[in-house]
$ cat entry21.cif   # mmCIF, C-alpha atoms
data_entry
loop_
_atom_site.label_atom_id
_atom_site.label_comp_id
_atom_site.auth_asym_id
_atom_site.auth_seq_id
_atom_site.Cartn_x
_atom_site.Cartn_y
_atom_site.Cartn_z
CA MET A 5 -18.11 -18.84 -11.56
CA ASN A 6 -19.90 -21.49 -9.53
CA ASN A 7 -17.69 -24.44 -10.34
CA THR A 8 -15.53 -25.32 -7.36
CA PRO A 9 -11.85 -24.84 -8.13
CA LYS A 10 -9.87 -28.08 -8.39
CA THR A 11 -6.36 -26.66 -8.22
CA ILE A 12 -4.75 -23.72 -6.45
CA ARG A 13 -4.17 -22.10 -9.82
CA ASP A 14 -7.91 -22.43 -10.59
CA TYR A 15 -8.77 -20.89 -7.24
CA LEU A 16 -6.45 -17.95 -7.80
CA ASP A 17 -7.77 -17.44 -11.33
CA GLN A 18 -11.33 -17.38 -10.00
CA LEU A 19 -10.33 -14.95 -7.28
CA ARG A 20 -8.64 -12.72 -9.84
CA ALA A 21 -11.77 -12.86 -12.01
CA ALA A 22 -13.95 -12.01 -9.00
CA LEU A 23 -11.74 -9.02 -8.23
CA ALA A 24 -11.91 -7.71 -11.80
CA GLY A 25 -12.22 -3.95 -11.77
CA ALA A 26 -10.61 -3.55 -8.33
CA ASP A 27 -7.35 -1.70 -7.86
CA PRO A 28 -4.45 -3.80 -9.26
CA ALA A 29 -2.51 -3.23 -6.04
CA LEU A 30 -5.41 -4.64 -4.01
CA VAL A 31 -5.58 -7.63 -6.37
CA GLN A 32 -1.89 -8.38 -5.82
CA ASP A 33 -2.34 -8.23 -2.03
CA ALA A 34 -5.43 -10.44 -2.04
CA LEU A 35 -3.78 -13.00 -4.31
CA TYR A 36 -0.71 -13.09 -2.08
CA ASP A 37 -2.74 -13.72 1.09
CA ALA A 38 -4.85 -16.40 -0.60
CA GLU A 39 -1.89 -18.23 -2.12
CA ASP A 40 -0.03 -18.04 1.21
CA HIS A 41 -2.99 -19.56 3.06
CA LEU A 42 -3.66 -22.22 0.43
CA ARG A 43 -0.05 -23.36 0.22
CA SER A 44 0.21 -23.49 4.03
CA GLU A 45 -2.94 -25.62 4.11
CA MET A 46 -1.46 -27.92 1.45
CA ALA A 47 1.78 -28.24 3.44
CA GLU A 48 -0.22 -29.12 6.59
CA ASN A 49 -2.13 -31.90 4.82
CA PRO A 50 0.51 -33.77 2.83
CA GLY A 51 -1.67 -36.83 2.23
CA LYS A 52 -4.61 -35.02 0.69
CA SER A 53 -5.04 -34.09 -2.93
CA GLU A 54 -5.31 -30.50 -4.05
CA ALA A 55 -9.01 -30.89 -4.83
CA GLU A 56 -9.75 -32.22 -1.32
CA VAL A 57 -7.88 -29.40 0.36
CA LEU A 58 -9.64 -26.83 -1.81
CA ALA A 59 -13.04 -28.28 -0.93
CA LYS A 60 -12.17 -27.65 2.73
CA ILE A 61 -10.83 -24.19 1.96
CA ALA A 62 -14.19 -23.06 0.61
CA ASN A 63 -15.62 -23.62 4.11
CA SER A 64 -12.76 -22.13 6.11
CA TYR A 65 -11.03 -19.43 4.07
CA GLY A 66 -14.00 -18.71 1.85
CA ALA A 67 -14.96 -19.24 -1.77
CA PRO A 68 -13.24 -16.92 -4.28
CA GLY A 69 -16.34 -14.75 -4.64
CA GLU A 70 -16.69 -14.29 -0.86
CA VAL A 71 -13.01 -13.56 -0.43
CA ALA A 72 -13.18 -10.92 -3.15
CA ALA A 73 -16.20 -9.30 -1.47
CA ILE A 74 -14.40 -9.25 1.91
CA TYR A 75 -11.30 -7.62 0.45
CA VAL A 76 -13.20 -4.97 -1.47
CA GLU A 77 -15.25 -4.14 1.63
CA GLN A 78 -12.17 -4.09 3.87
CA GLU A 79 -10.39 -1.80 1.43
CA ARG A 80 -13.30 0.63 1.46
CA VAL A 81 -13.33 0.79 5.26
CA VAL A 82 -9.56 1.20 5.58
CA GLU A 83 -9.54 3.82 2.83
CA GLN A 84 -12.09 5.83 4.78
CA ALA A 85 -10.24 5.45 8.06
CA LEU A 86 -6.79 6.32 6.77
CA ARG A 87 -7.51 8.96 4.18
CA PRO A 88 -6.95 12.48 5.49
CA PRO A 89 -10.25 14.34 5.62
CA PRO A 90 -10.90 15.98 2.27
CA SER A 91 -10.17 19.65 2.32
CA PRO A 92 -13.37 21.67 1.98
CA ALA A 93 -14.29 22.22 -1.64
CA ARG A 94 -13.65 25.83 -2.47
CA ARG A 95 -15.78 27.44 -5.08
CA SER A 96 -14.02 30.64 -5.92
CA LEU A 97 -11.01 30.73 -8.19
CA TRP A 98 -8.99 32.35 -5.40
CA GLY A 99 -10.02 29.75 -2.88
CA ARG A 100 -9.09 26.94 -5.24
CA PHE A 101 -5.69 28.48 -5.94
CA PHE A 102 -4.68 29.25 -2.36
CA GLY A 103 -6.51 26.30 -0.83
CA VAL A 104 -3.66 24.06 -1.96
CA ALA A 105 -1.68 25.27 1.07
CA ALA A 106 -4.05 23.26 3.30
CA ASP A 107 -3.51 20.04 1.35
CA PRO A 108 -0.91 17.81 3.06
CA ARG A 109 -0.59 15.83 -0.17
CA ALA A 110 0.98 18.86 -1.89
CA TYR A 111 3.80 19.11 0.66
CA ALA A 112 4.41 15.36 0.60
CA SER A 113 4.62 15.47 -3.19
CA LEU A 114 7.04 18.37 -3.01
CA PHE A 115 9.20 16.34 -0.65
CA TYR A 116 8.97 13.36 -3.01
CA MET A 117 10.27 15.60 -5.83
CA LEU A 118 13.33 16.46 -3.72
CA LEU A 119 13.85 12.86 -2.61
CA SER A 120 13.50 11.43 -6.11
CA LEU A 121 16.95 12.68 -7.09
CA ALA A 122 18.53 10.40 -4.49
CA THR A 123 16.31 7.40 -5.19
CA GLY A 124 16.58 7.98 -8.93
CA ILE A 125 20.37 7.93 -8.88
CA PHE A 126 20.34 4.81 -6.72
CA TYR A 127 17.83 2.88 -8.89
CA PHE A 128 19.60 3.86 -12.10
CA THR A 129 23.02 2.85 -10.78
CA TRP A 130 21.64 -0.40 -9.42
CA VAL A 131 19.98 -1.36 -12.69
CA VAL A 132 22.89 -0.36 -14.92
CA THR A 133 25.44 -2.10 -12.69
CA GLY A 134 23.26 -5.17 -12.28
CA LEU A 135 22.52 -5.49 -15.97
CA SER A 136 26.13 -5.02 -17.05
CA LEU A 137 27.41 -7.45 -14.43
CA SER A 138 24.76 -9.97 -15.48
CA ILE A 139 25.70 -9.71 -19.14
CA GLY A 140 29.45 -9.39 -18.54
CA LEU A 141 29.72 -12.36 -16.20
CA SER A 142 27.39 -14.56 -18.21
CA ILE A 143 30.36 -16.42 -19.73
CA LEU A 144 31.49 -17.55 -16.26
CA ILE A 145 29.93 -20.03 -13.87
CA ILE A 146 29.15 -17.27 -11.39
CA GLY A 147 27.26 -15.57 -14.23
CA VAL A 148 24.37 -17.92 -13.52
CA VAL A 149 23.87 -16.55 -10.03
CA VAL A 150 24.35 -12.83 -10.64
CA PRO A 151 21.30 -12.21 -12.86
CA ILE A 152 19.07 -14.25 -10.52
CA VAL A 153 20.15 -12.27 -7.48
CA PHE A 154 19.87 -9.03 -9.46
CA PHE A 155 16.34 -9.70 -10.74
CA GLY A 156 15.30 -10.77 -7.26
CA SER A 157 16.64 -7.52 -5.81
CA VAL A 158 14.72 -5.52 -8.42
CA ARG A 159 11.46 -7.07 -7.16
CA VAL A 160 12.29 -6.03 -3.62
CA LEU A 161 13.13 -2.50 -4.79
CA ALA A 162 9.81 -2.34 -6.65
CA LEU A 163 7.99 -3.09 -3.39
CA VAL A 164 10.04 -0.49 -1.51
CA GLU A 165 9.42 2.20 -4.12
CA GLY A 166 5.73 1.24 -4.00
CA ARG A 167 5.66 1.90 -0.26
CA ILE A 168 7.35 5.30 -0.74
CA VAL A 169 4.89 6.23 -3.48
CA GLU A 170 1.88 5.17 -1.41
CA VAL A 171 2.98 7.05 1.69
CA MET A 172 4.03 10.24 -0.07
CA LEU A 173 1.83 10.42 -3.15
CA GLY A 174 -1.23 8.62 -1.86
CA GLU A 175 -1.45 6.15 -4.73
CA ARG A 176 -2.59 2.72 -3.53
CA MET A 177 0.38 0.35 -4.09
CA PRO A 178 0.89 -3.31 -3.20
CA ARG A 179 1.63 -4.07 0.44
CA ARG A 180 2.69 -7.65 -0.23
CA PRO A 181 5.39 -8.90 -2.57
CA VAL A 182 4.56 -11.13 -5.52
CA TYR A 183 4.11 -14.66 -4.20
CA ALA A 184 7.10 -16.93 -4.82
CA ASP A 185 5.72 -20.41 -5.32
CA ARG A 186 8.11 -22.89 -3.72
CA GLU A 187 6.28 -25.89 -5.18
CA ARG A 188 7.36 -25.22 -8.72
CA PRO A 189 10.84 -26.28 -9.78
CA LEU A 190 13.53 -23.71 -9.19
CA LEU A 191 14.36 -23.32 -12.87
CA GLU A 192 10.74 -22.71 -13.77
CA ARG A 193 10.48 -20.00 -11.11
CA ILE A 194 13.62 -18.31 -12.37
CA GLY A 195 12.27 -18.56 -15.91
CA ALA A 196 9.01 -16.97 -14.82
CA MET A 197 10.96 -14.07 -13.35
CA PHE A 198 12.52 -13.34 -16.74
CA THR A 199 9.38 -13.77 -18.82
CA ASP A 200 7.22 -11.68 -16.49
CA PRO A 201 6.62 -8.38 -18.30
CA ARG A 202 6.43 -6.67 -14.92
CA THR A 203 10.12 -7.40 -14.27
CA TRP A 204 11.04 -5.50 -17.42
CA SER A 205 8.64 -2.65 -16.77
CA THR A 206 10.19 -2.31 -13.30
CA LEU A 207 13.62 -2.01 -14.88
CA LEU A 208 12.27 0.64 -17.24
CA TYR A 209 10.77 2.55 -14.29
CA MET A 210 14.09 2.51 -12.46
CA LEU A 211 16.01 3.76 -15.49
CA LEU A 212 13.40 6.48 -16.02
CA MET A 213 13.75 7.59 -12.41
CA LEU A 214 17.16 9.16 -13.04
CA PRO A 215 16.04 11.76 -15.63
CA LEU A 216 12.72 12.20 -13.85
CA GLY A 217 14.43 12.59 -10.48
CA ILE A 218 16.83 15.19 -11.87
CA ALA A 219 13.95 17.09 -13.46
CA TYR A 220 11.77 16.96 -10.33
CA PHE A 221 14.61 18.03 -8.06
CA THR A 222 15.66 20.88 -10.35
CA ILE A 223 12.12 22.14 -10.81
CA ALA A 224 11.40 21.98 -7.08
CA VAL A 225 14.62 23.68 -6.00
CA THR A 226 14.49 26.34 -8.70
CA GLY A 227 10.83 27.08 -8.10
CA ILE A 228 11.16 27.39 -4.34
CA ALA A 229 14.39 29.40 -4.51
CA THR A 230 13.04 31.85 -7.10
CA SER A 231 9.76 32.34 -5.26
CA LEU A 232 11.45 32.86 -1.89
CA ALA A 233 13.98 35.27 -3.44
CA LEU A 234 11.14 37.34 -4.89
CA VAL A 235 9.23 37.31 -1.59
CA PHE A 236 12.22 38.52 0.42
CA ALA A 237 13.72 40.88 -2.18
CA PRO A 238 11.66 43.87 -0.94
CA VAL A 239 12.84 43.26 2.64
CA ALA A 240 16.48 43.08 1.55
CA GLU A 241 16.01 46.17 -0.57
CA LEU A 242 14.57 48.09 2.37
CA LEU A 243 17.38 46.99 4.66
CA ALA A 244 19.96 48.02 2.08
CA HIS A 245 18.15 51.31 1.62
CA PHE A 246 18.48 52.09 5.30
CA GLY A 247 22.11 51.05 5.32
CA ALA A 248 21.78 47.76 7.17
CA PHE A 249 24.41 46.35 4.87
CA ASP A 250 26.57 47.55 2.05
CA GLY A 251 26.06 46.93 -1.59
CA ASN A 252 23.16 46.83 -3.96
CA VAL A 253 20.24 44.50 -3.92
CA GLY A 254 19.32 43.38 -7.38
CA ILE A 255 19.61 40.77 -10.03
CA VAL A 256 23.18 39.81 -10.83
CA VAL A 257 23.70 38.95 -14.49
CA ASP A 258 27.26 38.27 -15.65
CA GLY A 259 28.69 40.31 -12.81
CA ASN A 260 26.48 43.34 -13.48
CA THR A 261 23.89 44.11 -10.88
CA ILE A 262 20.59 45.29 -12.23
CA VAL A 263 18.80 47.21 -9.51
CA PRO A 264 15.08 47.32 -10.13
CA PRO A 265 13.26 50.52 -9.15
CA LEU A 266 11.71 50.56 -5.69
CA VAL A 267 8.20 50.48 -7.16
CA ALA A 268 8.93 46.97 -8.43
CA ALA A 269 9.29 45.67 -4.86
CA PRO A 270 5.58 45.05 -4.13
CA ILE A 271 5.19 43.41 -7.51
CA ALA A 272 8.15 41.12 -6.76
CA PHE A 273 6.54 40.18 -3.44
CA ILE A 274 3.20 39.34 -5.03
CA VAL A 275 4.80 37.35 -7.84
CA GLY A 276 6.87 35.45 -5.26
CA VAL A 277 3.84 34.49 -3.17
CA ILE A 278 1.93 33.39 -6.25
CA GLY A 279 5.01 31.41 -7.30
CA LEU A 280 5.06 29.52 -3.98
CA PHE A 281 1.44 28.48 -4.32
CA ALA A 282 1.96 27.59 -7.97
CA MET A 283 4.81 25.32 -6.86
CA LEU A 284 2.46 23.48 -4.51
CA HIS A 285 -0.01 23.01 -7.37
CA LEU A 286 2.77 21.77 -9.61
CA ALA A 287 4.01 19.36 -6.94
CA ARG A 288 0.53 17.93 -6.48
CA GLY A 289 0.18 17.46 -10.23
CA VAL A 290 3.59 15.82 -10.50
CA GLY A 291 2.64 13.58 -7.59
CA ARG A 292 -0.48 12.37 -9.40
CA LEU A 293 1.42 11.72 -12.62
CA GLN A 294 4.23 9.91 -10.83
CA GLY A 295 1.72 7.82 -8.88
CA ALA A 296 0.00 6.78 -12.10
CA LEU A 297 3.36 5.95 -13.69
CA ALA A 298 4.42 3.84 -10.70
CA LYS A 299 1.10 2.01 -10.65
CA HIS A 300 1.42 1.31 -14.34
CA LEU A 301 5.00 0.04 -14.35
CA LEU A 302 5.40 -1.56 -10.90
CA VAL A 303 2.08 -3.35 -10.39
CA PRO A 304 0.95 -6.25 -12.56
CA SER A 305 -2.19 -5.30 -14.43
CA SER A 306 -5.15 -7.26 -13.13
CA ARG A 307 -6.35 -8.21 -16.62
CA MET B 6 -46.69 -22.43 -1.02
CA GLN B 7 -43.43 -24.34 -1.29
CA ARG B 8 -41.95 -21.69 -3.51
CA SER B 9 -42.60 -18.90 -1.06
CA ALA B 10 -40.93 -20.94 1.68
CA ALA B 11 -37.82 -21.25 -0.47
CA VAL B 12 -37.85 -17.55 -1.17
CA THR B 13 -38.12 -16.74 2.53
CA GLU B 14 -35.26 -19.06 3.33
CA ALA B 15 -33.03 -17.40 0.74
CA GLU B 16 -34.03 -14.04 2.13
CA THR B 17 -33.26 -14.88 5.75
CA GLU B 18 -29.96 -16.31 4.62
CA ALA B 19 -29.12 -13.07 2.82
CA GLN B 20 -30.09 -11.12 5.92
CA LEU B 21 -27.94 -13.37 8.09
CA TRP B 22 -25.02 -12.94 5.73
CA LYS B 23 -25.39 -9.18 5.80
CA PHE B 24 -25.61 -9.23 9.60
CA HIS B 25 -22.47 -11.38 9.82
CA LYS B 26 -20.62 -8.96 7.62
CA GLU B 27 -21.57 -5.97 9.72
CA LEU B 28 -20.94 -7.77 12.97
CA SER B 29 -17.54 -9.17 12.06
CA ALA B 30 -15.94 -5.84 11.12
CA GLY B 31 -14.83 -4.88 14.62
CA ILE B 32 -14.83 -8.32 16.18
CA VAL B 33 -12.04 -9.60 13.93
CA SER B 34 -9.62 -7.04 15.36
CA LEU B 35 -10.64 -7.86 18.94
CA VAL B 36 -10.31 -11.61 18.37
CA LEU B 37 -6.89 -11.24 16.73
CA LEU B 38 -5.58 -9.10 19.57
CA GLY B 39 -6.99 -11.61 22.06
CA VAL B 40 -5.37 -14.59 20.35
CA LEU B 41 -2.00 -12.88 20.15
CA ALA B 42 -2.19 -11.65 23.74
CA ASN B 43 -2.57 -15.25 24.89
CA ALA B 44 0.00 -16.69 22.50
CA LYS B 45 3.33 -17.68 24.01
CA LYS B 46 5.21 -17.31 20.75
CA PRO B 47 4.72 -15.01 17.77
CA MET B 48 2.27 -16.51 15.29
CA TYR B 49 1.78 -16.27 11.53
CA GLY B 50 -1.49 -15.79 9.70
CA TYR B 51 -2.30 -19.38 8.84
CA GLN B 52 -1.50 -20.54 12.39
CA ILE B 53 -3.96 -18.02 13.83
CA ALA B 54 -6.61 -19.03 11.31
CA ARG B 55 -6.24 -22.68 12.26
CA GLN B 56 -6.40 -22.00 15.96
CA LEU B 57 -9.63 -20.05 15.48
CA ASP B 58 -10.98 -22.91 13.39
CA GLU B 59 -10.40 -25.29 16.29
CA THR B 60 -11.94 -22.90 18.81
CA GLY B 61 -15.38 -23.16 17.28
CA GLU B 62 -18.09 -21.66 15.14
CA GLY B 63 -18.96 -18.00 15.01
CA VAL B 64 -19.19 -15.02 12.75
CA LEU B 65 -15.65 -15.73 11.60
CA SER B 66 -16.13 -19.31 10.44
CA GLY B 67 -15.78 -19.58 6.69
CA LYS B 68 -14.29 -16.12 6.45
CA GLN B 69 -10.71 -16.56 7.46
CA SER B 70 -9.67 -14.48 4.48
CA ALA B 71 -10.84 -11.49 6.52
CA LEU B 72 -8.03 -12.10 9.02
CA TYR B 73 -5.12 -11.27 6.75
CA PRO B 74 -5.92 -7.67 5.82
CA VAL B 75 -6.88 -6.95 9.44
CA LEU B 76 -3.55 -8.33 10.66
CA ARG B 77 -1.77 -5.94 8.32
CA ASN B 78 -3.86 -3.02 9.53
CA LEU B 79 -3.25 -3.78 13.21
CA ASP B 80 0.44 -4.02 12.40
CA ALA B 81 0.36 -0.66 10.63
CA ALA B 82 -1.50 0.88 13.57
CA GLY B 83 1.22 -0.27 15.98
CA LEU B 84 -1.01 -2.62 17.97
CA LEU B 85 0.96 -5.57 16.64
CA ALA B 86 4.60 -5.91 15.73
CA SER B 87 5.81 -8.31 13.10
CA GLU B 88 8.91 -9.75 11.60
CA VAL B 89 9.50 -11.86 8.56
CA GLU B 90 11.27 -15.18 8.91
CA PRO B 91 12.13 -17.61 6.15
CA SER B 92 10.26 -20.90 6.15
CA VAL B 93 10.94 -24.30 4.65
CA ALA B 94 7.48 -24.86 3.23
CA GLY B 95 6.86 -21.68 1.35
CA PRO B 96 7.69 -18.02 1.08
CA PRO B 97 8.96 -16.17 4.16
CA ARG B 98 6.35 -15.97 6.91
CA ARG B 99 5.36 -12.87 8.77
CA TYR B 100 5.18 -13.54 12.52
CA TYR B 101 2.99 -11.26 14.61
CA ARG B 102 3.13 -10.48 18.31
CA ILE B 103 1.20 -8.00 20.41
CA THR B 104 2.82 -4.72 21.48
CA PRO B 105 2.41 -3.01 24.87
CA LEU B 106 0.10 -0.51 23.15
CA GLY B 107 -1.85 -3.45 21.76
CA ARG B 108 -2.30 -4.89 25.26
CA ARG B 109 -3.60 -1.59 26.60
CA VAL B 110 -5.98 -1.25 23.67
CA LEU B 111 -7.12 -4.83 24.16
CA GLY B 112 -8.01 -4.01 27.78
CA ASP B 113 -10.20 -1.12 26.67
CA TRP B 114 -11.76 -3.11 23.88
CA THR B 115 -12.49 -6.06 26.17
CA TYR B 116 -14.31 -3.74 28.55
CA ALA B 117 -16.28 -2.22 25.65
CA TRP B 118 -17.10 -5.70 24.38
CA THR B 119 -18.31 -7.09 27.71
CA THR B 120 -20.51 -4.10 28.45
CA THR B 121 -21.94 -4.23 24.92
CA ARG B 122 -22.54 -7.96 25.18
CA ASP B 123 -24.32 -7.63 28.54
CA PHE B 124 -26.38 -4.77 27.18
CA VAL B 125 -27.42 -6.70 24.08
CA ASP B 126 -28.21 -9.78 26.14
CA ALA B 127 -30.36 -7.72 28.49
CA VAL B 128 -32.26 -6.20 25.56
CA LEU B 129 -32.84 -9.56 23.90
CA GLU B 130 -34.00 -11.23 27.10
CA GLU B 131 -36.58 -8.61 27.93
CA PRO B 132 -39.99 -10.23 27.97
#
$ encode --input "entry21.cif" --output "structure tokens"
Amino acid sequence: MNNTPKTIRDYLDQLRAALAGADPALVQDALYDAEDHLRSEMAENPGKSEAEVLAKIANSYGAPGEVAAIYVEQERVVEQALRPPPSPARRSLWGRFFGVAADPRAYASLFYMLLSLATGIFYFTWVVTGLSLSIGLSILIIGVVVPIVFFGSVRVLALVEGRIVEVMLGERMPRRPVYADRERPLLERIGAMFTDPRTWSTLLYMLLMLPLGIAYFTIAVTGIATSLALVFAPVAELLAHFGAFDGNVGIVVDGNTIVPPLVAAPIAFIVGVIGLFAMLHLARGVGRLQGALAKHLLVPSSR
Amino acid sequence: MQRSAAVTEAETEAQLWKFHKELSAGIVSLVLLGVLANAKKPMYGYQIARQLDETGEGVLSGKQSALYPVLRNLDAAGLLASEVEPSVAGPPRRYYRITPLGRRVLGDWTYAWTTTRDFVDAVLEEP
């Protein structure tokens, strides 16, 4: 730990080691900032060797251990400042069940479930089109460029999806892209893009988002519609009873209307209200799962 | 005897380090807003770090890594605005400039800072 790093790669490895156990998204951000600073310093001092520049860095930017400590501390402070105040812990079973209505995260997750159909279709189409174009055009000269542009665009999309997930689901995701090292030869950088397991896991995530998005959207819409229908059925039934409009209120199955007895109305109302709250619980659970999935597939593991 | 002196020195150093850490938390934001309020052009992270390095010693020296996350936070809070521009030397750079809200906040913070500084000075100078 105490040996001074001689190369930028050494420095970054030491920083990664010092950040072991921290959130992978935080590690990616810290590594990006450090590499950005180090490479700028190198570019400013063209005559000096890497070791000389790094010796100076330890006194200006900080040694890897110090930098890691600063980032972890900063993260803790920001977390506290930004996180919505925790909803009061409710003891009773009832309180825990209905308390979900006061949790903003549940509504945001519900909205994410609705949105994921659109994003899912887009990601899926992008990946399928990009992959087939890359493979199909690979026999032509232009086929060299297409996959590079496509894989680059996938990285950008991964960052964008990360931002959506962090804002809506509350999972900490990277705020910086993966650092593109301009010093290395172009071919090596392109090669690294293809051998990076994260590139492939991102593609997998985007393909998965179509079925997941369809499922989330369907569950959310069906759940909300059914619950609301049950809540308002008694009202409609009453209105129909007093002749506010013609026709029967009931459940239409294959053109036949089944009219439940009037006693069923309060039960329908209660079931509907419980259904709405259950939806919020479900949305929150889905949000957590989706956040974990995104973290797993879109963020490089910090090893 | 010598050993205890070494122990004390390590201890004061640890205390100083802890004090620096606690002190720098709010000051970094103030300093960054100040630098960007005086800047004629938008600046990127490394540029700001170097300018501070030239300005002198203080709680921030040796801890420039603390600047970057704070820049992002000020940006997210709307006190700074930023745009990304491609650069020749490396990856695209994010240039920061202060927003009107940032200037107003800086005014308030500067007032809070000067009164706090005077207060602390007065306390320390008391015989």
$ resolve_selection --input "entry21.cif" --expression "the PyMOL selection byres ((chain A and resi 79) around 12)" --output "list in words"
Ala26, Asp27, Ala29, Leu30, Val31, Asp33, Ala34, Ala72, Ala73, Ile74, Tyr75, Val76, Glu77, Gln78, Arg80, Val81, Val82, Glu83, Gln84, Ala85, Leu86, Arg87 and Arg176 of chain A; Ala30, Ala71, Pro74, Val75, Arg77 and Asn78 of chain B
$ resolve_selection --input "entry21.cif" --expression "the PyMOL selection byres ((chain A) within 8 of (chain B))" --output "PyMOL selection string"
chain A and resi 37-38+40-41+43-45+47+62-66+70-71+74-75+78+183-187
$ residues_around --input "entry21.cif" --residues "stretch 127-139 of chain A" --least-positions-apart "5" --cutoff "12 Å" --atoms "only C-alpha atoms" --output "count of residues only"
39
$ resolve_selection --input "entry21.cif" --expression "the PyMOL selection byres ((chain B and resi 114-131) around 12)" --output "list of chain:residue names"
B:Gly31, B:Ile32, B:Val33, B:Ser34, B:Leu35, B:Val36, B:Leu37, B:Leu38, B:Gly39, B:Ala42, B:Gly107, B:Arg108, B:Arg109, B:Val110, B:Leu111, B:Gly112, B:Asp113, B:Pro132
$ atom_distance --input "entry21.cif" --atom1 "atom CA of A:Ala282" --atom2 "atom CA of A:Arg167"
27.1 Å
$ atom_distance --input "entry21.cif" --atom1 "atom CA of A:Thr8" --atom2 "atom CA of A:Val57"
11.6 Å
$ atom_distance --input "entry21.cif" --atom1 "atom CA of A:Phe101" --atom2 "atom CA of A:Glu175"
22.8 Å
$ residues_around --input "entry21.cif" --residues "A:Pro238" --least-positions-apart "5" --cutoff "9 Å" --atoms "all atoms listed in the file" --output "ChimeraX atom specification"
/A:243,266,268-270,272-273
$ closest_residue --input "entry21.cif" --among "B:Val40, B:Leu21, B:Met48, B:Val12" --to "B:Glu90" --atoms "only C-alpha atoms"
B:Met48
$ residues_around --input "entry21.cif" --residues "B:Tyr49" --least-positions-apart "6" --cutoff "8 Å" --atoms "only C-alpha atoms" --output "PyMOL selection string"
chain B and resi 98-101
$ closest_residue --input "entry21.cif" --among "A:Leu232, A:Ala59, A:Val182, A:Leu284" --to "A:Gly103" --atoms "all atoms listed in the file"
A:Leu284
$ residues_around --input "entry21.cif" --residues "A:Gly254" --least-positions-apart "2" --cutoff "6 Å" --atoms "only C-alpha atoms" --output "list in words"
Thr261, Ile262 and Val263 of chain A
$ closest_residue --input "entry21.cif" --among "A:Val267, A:Ala248, A:Val169, A:Leu42" --to "A:Gln294" --atoms "only C-alpha atoms"
A:Val169
$ closest_residue --input "entry21.cif" --among "A:Glu56, A:Glu170, A:Glu192, A:Glu241" --to "A:Lys10" --atoms "all atoms listed in the file"
A:Glu56
